[in-house]
Structure formats: C-alpha cells, structure tokens
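Chemist: Handing you this structure, nothing more for now.
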Amino acid sequence: MKHLLLSLFIIAGFSTANGVAQQLPIAQFTKHDEFNALRLSPTGQYLSYMTGKYGRTSIAFFDLKAQKFTGGIRCPDGFEIHDYHWVSNTRIVYRIAERNQDLIEPTLTGEMLAVDFDGGKQEMIYGYRASEQKTGTKLRTREATFATARLVSGLKGDDKNILIAEYPWRETASYWQENPDAKPILARLNTQDGSKRRLGEVPLASADVLVDHDDNVRFGIGYKSQSELAVVWRATPDAPWSEFALPNFRRESVQPLAFSENNAAVFFTGVSQGESLVSLFSVELATKAVTKVHGFSDSDISDVIYDFAGTNVIGVVGGLNEQEIHWIDTDNRAGKIHRALLQAFPKQVVSIISTTTDGKSAVVLVSSDVNPGDYYLFDTTTMKADYLRAAKSWIAPEKMRPKDAFTMKARDGLQLHGYVTRPDGTGPFPLVVLPHGGPHGIRDDQSFDWEVQLLASRGYAVLQLNFRGSGGYGWDFEAAGHEQWGAKMQDDLTDATRWAIDNKVTDASRICIFGASYGGYAALMGTVREPKLYRCAIGYVGVYDLELMLTSADIPGSRVGRALLQLYLGTDRESMRARSPVHNAQKIEVPILLIHGKEDWRADYEQVTRMRDALKKNNKNFELIPLRGCGHGIYDEETRREVYERVLAFLDKNLKN
C-alpha cells in the first residue's frame, strides 16, 4: 500500500514531478498544495480529501478496503467548499463560500450542505437559501436562516443530527451582513432533511463553546457588552448560564480546551496573575479550585495534543525556536504512538490530523522547515505507516534551505528570537528583512514557508524576527509591543538588521525590507526611521496611516475590534501621525514598491492611495501595483506568480546591480 493514493491523484488530474531543476520556476513556489484536508470516515472505510481552487473545489471519496473511488462532489462555478467534516460513517457536512462580483476570493455564505460518501443525497441543510432547496419527496419547507453556522459536535451515537452554533447576521437598510458582536444560538440540526431544534443562546458576543463528553454545551468564552472577555458555564445541561470567575488570571488569555473524562473539571490555558507565560490549568467545577498542570519555563503553550477521540488533553506544545512537547498523560495510547512517530521522523513535526473512532487508523502529516508535508496512513495496531502523497510533490526537501534560529539582544536589553534562511553558497548575501503580519500574538516559526524558500532560491538571505508584540514568548513580551508601532517594535527590526550585518549574513549595502499587512507598515516605517539602512522597501497590503485604521475596513466594525485598536495603537492622534509613513514620506530616500488589493477588507485601499499621493507629492521613487479583485492578500495562483515576478525583478534591480 506504499503508494496507495498515487493512482488516485493521477486520476484526479495531478502528475508527479520527475525531477527538480536547479532553480524551480516561480510558479512552483506560488501554487497551492495539490490536495489537503484528508479525513478518515469514523470506521476508517473511506478516505476523503479536498482539491482544487478558485470555484473548482471538489471532495473525493476513496474506499480503502475496495481500493476504488466511491464518488465525489464539486461546487458550481463561483462557489467553493470551505471546510468539511464526517458526521457519520457515510455522510459529511460542508460549508461553502461564494465569489461576489468584485472579489476573486470567495467568502463564507453561512450555509451548510450534506452529502453521502457516494456523492448522493446532497442537500442544503442550513442557510438563507435553504428554503429554496428541494427536499426530495417531502413537502415541508425548510427555514431560511440569515446566520453563519459552525459545527460544534458530531453527536456521538447519532448518525442523523449534529450540534451547531448559529451566529445571526444583522440587517441593514438594504442587505444582511455578518455581525461580529452576535451571540451564538445553539441548535440540533438534522443532516438528512435540514430540520432544526433550537437549544438556547450563549450570553456572550462572538462566543466559542465547549461540549462535555456527553455532547452538552456547558462552557463558553466570549465578550460582554463592554468588550470585556468573559467565561460562562452551567452546572447541568439545562441549568442557566452563569459567569465563571477566574479572578487570578488575565481574562483575555483564558482559552477553554476540554472537559476532564468524568466531566467534573475543565482544562484551559491562560496566564496566571504574577506570571507571563501561557500555561495549562484545570478547574474543578464543583469547588472552583484551580490546579496548574504544566507550564514551559521560557515559552507559551502554543498547541495542545488530544487523544484519538479528540476530546481529552494528553500533551502540550511549546518551545522557543524548535517544538517542545510535554506529555500530560504518559500512558495514553495516542501519546505513545505519537512519540513513536516522532522517533521515526526525527527533526520533523508530526501531526495526527484524522483518526477513526476506534483509533486503529490515522492520517499523519510530517513536515519541517524544508518539507511542506508528507501524508501517511498509519495503522496504530501494526505500527505501519503507508505513504500517501506529498502536499507539494514538485518540491524536493533536499533542495530547500533550512531556517537557522538565532537569539539577540535589543538595544534596551530585551531578548529577541528569529530565523535566518541562507541561500546556497558562501555569504555575505543580499538580504531581505521579512517582518511578519498581525502583528500581536503572531510569530514566525520553523515551519515551511514558500515565500522564504522562493527568495532563498534566488540568492537572497531572509531574516525573520519575532519583534516585541509577537506571540509565544509570554504576556509581558506581547504587551511590550502595545502602542509601539513604528517605535520600539521598529527598533527591534533595525537591531536585527544590524545583527545580520555584524554576523556576516549580509553586508550593509544590499538590504531590502519587505512585508505584508503590518509587515508592509514596518517596511515603509523602516525607510522612514532608517533612511540609510535599506536599499529598498516593499509594502504589500500594508497599513500606512494609523488614524485611518480607526475608521476604515473591518476592524472598527465591532466593539472588540475598536477596543483592540485602542490597546495596540493608543489614543494620541499626534503620536499616530508621527508613526505613520503617510505623514513622513519626505524622509524616505530609497525606491518603494507598493502592492495592494483593490478590495482589501482589512487594510482599506485608501491606505495605499494616501501613501501613493504622499510619495508623489515628495517626488519619491515608487511604483504601485493595484490588484483588481484581490482582498487582503492574493488568492489566485496566476496573480500571485505575476506579483512575485515583479517583486523579484524589483529586488534584483536594487540589490544585485
């Protein structure tokens, strides 16, 4: 069974690269994985996967026992499958996205459909168009629901129903739109005919909910009317909701994970007062007693490992530069198997992404900084792993360049961490400083990054720094970035650039700074604050006027968004102007490349038009690439390839000539 799916994916229209050229074409980096979202049916008889993009998404079903296809589904033109889940041994539910007139990337419609493993009995079971759908021979009319549905639980032992959370939309004068402040309504939804029974509302805006081991929703986390994060619970499935007091924790850090096996306690991650790092805790519901289960000494808990049923916490993941795992339940079978897989695939990240109900079969993804991912079908009884297929079969890991972790001190003594990816050859190399987006709570890690590998393949070293404000290093480190856009956060990038010069990664005459979203902001501010340090800068879907962020795009559209803007940017308008590239264009001395989607919902297109006008007014050397039909990023592969051709040409012109 070593190449079990080889014929499957050739039939699906894919081919395997026979060899890897010395320099891969740009398109080999910019194209998406050829397949993803592999899922085993509960009994393990069927393996499903998703493939295709841009309105051509499909799901295929493969019978592992009979070694043949059983069917599949494909969305009509203009639609796309967003995600899917097995909800019985023979049926899946999936959510769809739709492309509108102006935006290439489809957006979620809130609707949910269901289909059998052979492609039959396909029904729209939820959404605002559900009442328009035929229901076989039944005469009843489904309810049209103007809301977004999220799957909460597949309901063990129930092959017909699922538990969902509905997030109602808000009605404007002429249309419906998603409401980021909506309180979810719980409902039991029939996956055969779309009938629904409401189970009550969770009393917090934008709440995420947690079910116990009997599939009862008894825990939730969301926002109160003052945009303050809150935790609620109920003692029994029918009890009223009450706020759950965790007075010794930073409320915004608390994230419920799972109930204990006896439903008497809840595991959660959070930051205890007096500490900085995210740790794992449990709370006894009857007594409210909190116990610290585990915390890493130098990093946040970044992920949680569950058992094969996906309900019990058995391990936590942390680590500064490389993944570190602490096992909570050392006797759990899933943990033992996970540890065996880690030994079989040293220096790689092993993720168990799907299992059967009995835990006898699992789909495993193995990846690293040079490996975009290999899928295996793993028999947990025989301990045999059968290779399925690479996520990007055209990428040869031995041709990719490793990410080397580094540690340095900022000018004020704060310890910083990051990664340097060097191209093949002997340095110093021309350097691209690549600040990440977000920026708060987000971090660069050692996972495969096609953008980094593309730059390295063209002879550029790449510097990625987790500046203050980034996630993973504790609450104090993240809070150190509040109100520091264009200030200490920018100083960190400057210090890291000078570190790269001092350590012979590059020389001072061949450095460009390039980033997306916040990274685009940091790229332009880098040329404002340090006009002699960089030879050029590239801002991609960036923010260039901090004041404009307060009123434009999607973030100010919710109470939570407005509160976060105040936390991150402050309230001093004069300070915002001083930290905005738009108001400091006269200080820029190097060529600038701006790239921006015309339909950007996060960094409004007016951000880049204001930057363009400021550069033009000050007679600066710049180029603007407007992307029609693109939002906050590039969705289609053709546009992405064309843009990165322009990016590489810009870098070559300014760093290699």
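Letters A, B, ... mark the chains of the structure tokens in the order given; residue numbers begin at 1 per chain; ligand numbers begin at 1, in order shown.
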Set the distance at 12 Å and use only C-alpha atoms: which residues neighbour Gly318 of chain A once local chain neighbours fewer than 5 positions away are removed? I'd like the list as number ranges by chain.
Modeler: A: 277-280, 294-305, 323-327, 445, 471-474
Chemist: Apply DSSP to the structure's backbone, then extract all residues of segment 143-279 of chain A labelled strand (DSSP E or B) and return them as a count of residues only.
Modeler: 66
Chemist: So the first atom is atom CA of Gly520 of chain A and the second is atom CA of Leu550 of chain A; what is the distance between them in Å, to one decimal place?
Modeler: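 So the answer is 17.8 Å.
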Chemist: Need the shell around Gln23 of chain A: protein/DNA/RNA residues with any atom at most 12 Å away, counting only C-alpha atoms. Skip same-chain ones fewer than 5 positions apart. Format as a PyMOL selection string?
Modeler: chain A and resi 28-29+395-396+399-400+423-424+453-459
Chemist: Mind checking which residues fall within 6 Å of segment 597-602 of chain A, counting only C-alpha atoms, ignoring those fewer than 2 positions away in the same chain, and posting them as an mmCIF file with N, CA and C atoms, in the first residue's frame?
Modeler:
data_model
loop_
_atom_site.group_PDB
_atom_site.id
_atom_site.type_symbol
_atom_site.label_atom_id
_atom_site.label_comp_id
_atom_site.auth_asym_id
_atom_site.auth_seq_id
_atom_site.Cartn_x
_atom_site.Cartn_y
_atom_site.Cartn_z
ATOM 1 N N ALA A 553 -12.159 49.919 6.911
ATOM 2 C CA ALA A 553 -12.052 48.462 6.820
ATOM 3 C C ALA A 553 -12.839 47.777 7.934
ATOM 4 N N ASP A 554 -12.493 46.518 8.249
ATOM 5 C CA ASP A 554 -13.387 45.704 9.076
ATOM 6 C C ASP A 554 -13.131 45.787 10.580
ATOM 7 N N ASP A 604 -7.740 49.035 4.153
ATOM 8 C CA ASP A 604 -8.520 49.649 3.081
ATOM 9 C C ASP A 604 -7.617 50.176 1.961
ATOM 10 N N TYR A 605 -8.104 50.090 0.714
ATOM 11 C CA TYR A 605 -7.298 50.545 -0.426
ATOM 12 C C TYR A 605 -6.912 52.014 -0.294
ATOM 13 N N LEU A 627 -4.156 45.564 -7.441
ATOM 14 C CA LEU A 627 -4.614 44.212 -7.757
ATOM 15 C C LEU A 627 -6.132 44.186 -7.785
ATOM 16 N N ARG A 628 -6.690 44.153 -8.975
ATOM 17 C CA ARG A 628 -8.146 44.130 -9.113
ATOM 18 C C ARG A 628 -8.701 42.780 -8.669
ATOM 19 N N CYS A 630 -8.691 41.556 -5.754
ATOM 20 C CA CYS A 630 -7.954 40.960 -4.636
ATOM 21 C C CYS A 630 -8.278 41.682 -3.338
ATOM 22 N N GLY A 631 -8.301 40.931 -2.243
ATOM 23 C CA GLY A 631 -8.563 41.485 -0.931
ATOM 24 C C GLY A 631 -7.278 41.645 -0.146
ATOM 25 N N HIS A 632 -7.276 41.156 1.085
ATOM 26 C CA HIS A 632 -6.106 41.289 1.954
ATOM 27 C C HIS A 632 -5.173 40.117 1.685
#
Chemist: Considering only C-alpha atoms, return as a list in words whatever protein or nucleic-acid residues lie within 6 Å of segment 261-270 of chain A, sequence-local ones (same chain, fewer than 6 positions apart) excluded.
Modeler: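 Close residues of segment 261-270 of chain A: Ser253, Val254, Gln255, Val278, Ser279, Leu280, Phe281, Ser282, Val283, Glu284 and Leu285 of chain A.
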Chemist: How many Å separate atom CA of Phe61 of chain A from atom CA of Asn89 of chain A?
Modeler: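 Taking atom CA of Phe61 of chain A as the start and atom CA of Asn89 of chain A as the end point, the length is 12.1 Å.
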Chemist: Looking only at the backbone, which of the residues in segment 349-592 of chain A does DSSP tag as helix (DSSP H, G or I), as a ChimeraX atom specification?
Modeler: /A:397-399,450-457,475-479,488-502,518-529,546-549,555-557,559-569,573-578,581-587
Chemist: Restricted to C-alpha atoms, what would the selected residues look like written as a PDB file, in the first residue's frame?
Modeler:
ATOM      1  CA  PRO A 397      13.117  18.932   0.525  1.00  0.00           C
ATOM      2  CA  GLU A 398      16.823  18.386  -0.164  1.00  0.00           C
ATOM      3  CA  LYS A 399      16.728  21.404  -2.492  1.00  0.00           C
ATOM      4  CA  TRP A 450       7.174  29.024   0.423  1.00  0.00           C
ATOM      5  CA  GLU A 451       7.869  32.780   0.266  1.00  0.00           C
ATOM      6  CA  VAL A 452      11.111  32.376   2.205  1.00  0.00           C
ATOM      7  CA  GLN A 453      12.158  29.433   0.034  1.00  0.00           C
ATOM      8  CA  LEU A 454      11.412  31.368  -3.160  1.00  0.00           C
ATOM      9  CA  LEU A 455      13.626  34.247  -2.030  1.00  0.00           C
ATOM     10  CA  ALA A 456      16.397  31.869  -0.940  1.00  0.00           C
ATOM     11  CA  SER A 457      16.240  30.047  -4.282  1.00  0.00           C
ATOM     12  CA  TRP A 475       2.255  38.149  28.002  1.00  0.00           C
ATOM     13  CA  ASP A 476       4.928  40.655  29.045  1.00  0.00           C
ATOM     14  CA  PHE A 477       6.695  40.281  25.700  1.00  0.00           C
ATOM     15  CA  GLU A 478       3.447  40.707  23.769  1.00  0.00           C
ATOM     16  CA  ALA A 479       2.326  43.683  25.887  1.00  0.00           C
ATOM     17  CA  LYS A 488      10.287  50.074  19.818  1.00  0.00           C
ATOM     18  CA  MET A 489       8.836  47.387  17.541  1.00  0.00           C
ATOM     19  CA  GLN A 490      10.604  49.114  14.648  1.00  0.00           C
ATOM     20  CA  ASP A 491      13.800  49.455  16.673  1.00  0.00           C
ATOM     21  CA  ASP A 492      13.802  45.676  17.116  1.00  0.00           C
ATOM     22  CA  LEU A 493      13.817  45.189  13.336  1.00  0.00           C
ATOM     23  CA  THR A 494      16.595  47.736  12.966  1.00  0.00           C
ATOM     24  CA  ASP A 495      18.645  45.994  15.651  1.00  0.00           C
ATOM     25  CA  ALA A 496      18.128  42.607  13.979  1.00  0.00           C
ATOM     26  CA  THR A 497      19.211  44.033  10.626  1.00  0.00           C
ATOM     27  CA  ARG A 498      22.405  45.366  12.189  1.00  0.00           C
ATOM     28  CA  TRP A 499      22.890  41.964  13.890  1.00  0.00           C
ATOM     29  CA  ALA A 500      22.778  40.339  10.434  1.00  0.00           C
ATOM     30  CA  ILE A 501      25.441  42.757   9.189  1.00  0.00           C
ATOM     31  CA  ASP A 502      27.663  42.168  12.220  1.00  0.00           C
ATOM     32  CA  TYR A 518       1.660  45.033   9.485  1.00  0.00           C
ATOM     33  CA  GLY A 519       4.830  43.858   7.755  1.00  0.00           C
ATOM     34  CA  GLY A 520       4.080  46.319   4.949  1.00  0.00           C
ATOM     35  CA  TYR A 521       3.706  49.082   7.523  1.00  0.00           C
ATOM     36  CA  ALA A 522       7.025  48.076   9.124  1.00  0.00           C
ATOM     37  CA  ALA A 523       8.744  48.033   5.721  1.00  0.00           C
ATOM     38  CA  LEU A 524       7.792  51.627   4.976  1.00  0.00           C
ATOM     39  CA  MET A 525       8.470  52.797   8.534  1.00  0.00           C
ATOM     40  CA  GLY A 526      11.886  51.146   8.286  1.00  0.00           C
ATOM     41  CA  THR A 527      12.793  53.506   5.461  1.00  0.00           C
ATOM     42  CA  VAL A 528      11.395  56.451   7.452  1.00  0.00           C
ATOM     43  CA  ARG A 529      13.277  55.666  10.654  1.00  0.00           C
ATOM     44  CA  LEU A 546      -2.679  54.721  11.634  1.00  0.00           C
ATOM     45  CA  GLU A 547      -5.507  57.228  12.086  1.00  0.00           C
ATOM     46  CA  LEU A 548      -7.298  55.789   9.058  1.00  0.00           C
ATOM     47  CA  MET A 549      -7.283  52.357  10.752  1.00  0.00           C
ATOM     48  CA  ILE A 555     -11.620  46.062  12.428  1.00  0.00           C
ATOM     49  CA  PRO A 556     -13.583  49.115  13.687  1.00  0.00           C
ATOM     50  CA  GLY A 557     -16.817  47.315  12.762  1.00  0.00           C
ATOM     51  CA  ARG A 559     -16.732  46.525  19.763  1.00  0.00           C
ATOM     52  CA  VAL A 560     -13.867  44.085  20.194  1.00  0.00           C
ATOM     53  CA  GLY A 561     -12.054  45.456  17.158  1.00  0.00           C
ATOM     54  CA  ARG A 562     -12.308  49.029  18.399  1.00  0.00           C
ATOM     55  CA  ALA A 563     -11.031  48.012  21.823  1.00  0.00           C
ATOM     56  CA  LEU A 564      -8.048  46.227  20.282  1.00  0.00           C
ATOM     57  CA  LEU A 565      -7.153  49.218  18.128  1.00  0.00           C
ATOM     58  CA  GLN A 566      -7.069  51.376  21.232  1.00  0.00           C
ATOM     59  CA  LEU A 567      -4.918  48.801  23.037  1.00  0.00           C
ATOM     60  CA  TYR A 568      -2.454  48.385  20.172  1.00  0.00           C
ATOM     61  CA  LEU A 569      -2.249  51.938  18.801  1.00  0.00           C
ATOM     62  CA  ARG A 573      -3.619  61.215  17.362  1.00  0.00           C
ATOM     63  CA  GLU A 574      -0.430  63.268  17.158  1.00  0.00           C
ATOM     64  CA  SER A 575       1.623  60.201  18.070  1.00  0.00           C
ATOM     65  CA  MET A 576      -0.207  58.163  15.414  1.00  0.00           C
ATOM     66  CA  ARG A 577       0.667  60.721  12.756  1.00  0.00           C
ATOM     67  CA  ALA A 578       4.299  60.717  13.864  1.00  0.00           C
ATOM     68  CA  PRO A 581       4.567  56.549   6.817  1.00  0.00           C
ATOM     69  CA  VAL A 582       1.966  58.743   5.081  1.00  0.00           C
ATOM     70  CA  HIS A 583       2.984  61.723   7.207  1.00  0.00           C
ATOM     71  CA  ASN A 584       6.725  61.025   6.918  1.00  0.00           C
ATOM     72  CA  ALA A 585       7.168  60.334   3.210  1.00  0.00           C
ATOM     73  CA  GLN A 586       9.644  63.206   2.889  1.00  0.00           C
ATOM     74  CA  LYS A 587      12.162  61.173   4.933  1.00  0.00           C
TER      75      LYS A 587
END
Chemist: Go through A:Gln67, A:Ser470, A:Asn321, A:Ser367 and flag the residue nearest Ile352 of chain A, using only C-alpha atoms for the distances.
Modeler: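 Closest residue, counting only C-alpha atoms: A:Ser367.
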Chemist: In Å, with one decimal, what is the gap from atom CA of Thr57 of chain A to atom CA of Gly373 of chain A?
Modeler: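 Atom CA of Thr57 of chain A sits 20.5 Å away from atom CA of Gly373 of chain A.
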Chemist: Write out as a list in words the residues lying within 9 Å of Ala334 of chain A, counting only C-alpha atoms and excluding same-chain residues fewer than 4 positions away.
Modeler: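 Skipping anything fewer than 4 positions along the chain leaves Tyr306, Asp307, Phe308, Ile314, His338, Arg339, Gly359 and Thr380 of chain A.
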Chemist: Keeping only C-alpha atoms, take the residues you just selected and write them out as a compact mmCIF listing (two decimals), in the first residue's frame.
Modeler:
# COMPACT_ATOMS: atom_id res chain seq x y z
CA TYR A 306 -5.58 15.38 22.16
CA ASP A 307 -6.27 11.67 22.28
CA PHE A 308 -7.61 9.77 19.26
CA ILE A 314 -2.80 14.37 26.64
CA HIS A 338 2.78 9.99 18.71
CA ARG A 339 6.14 9.56 20.45
CA GLY A 359 -8.15 4.83 16.99
CA THR A 380 -1.78 2.01 15.05
Chemist: Find, counting only C-alpha atoms, the residue in A:Val231, A:Leu47, A:Arg150, A:Gly71 that gets nearest to Asp83 of chain A.
Modeler: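 Answer, going by the shortest atom-to-atom distance: A:Arg150.
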Chemist: From the list A:Ile81, A:Ala603, A:Leu593, A:Leu342, which residue is nearest Ala649 of chain A when using only C-alpha atoms?
Modeler: A:Leu593
Chemist: Taking 2 positions as the minimum chain separation for residues in the same chain, which residues sit within 7 Å of segment 155-165 of chain A when counting only C-alpha atoms? Answer as a PyMOL selection string.
Modeler: chain A and resi 87-88+149-153+167+184-192+215
Chemist: Nearest residue to Asp212 of chain A out of A:Ser368, A:Thr551, A:Thr357, A:Asn312, using only C-alpha atoms?
Modeler: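 Closest to Asp212 of chain A of all the choices is A:Asn312.
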Chemist: Pick out the closest residue to His436 of chain A from this set: A:Asp449, A:Asp379, A:Asp181, A:Glu228. Count only C-alpha atoms.
Modeler: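 Of A:Asp449, A:Asp379, A:Asp181, A:Glu228, the one nearest His436 of chain A, counting only C-alpha atoms, is A:Asp449.
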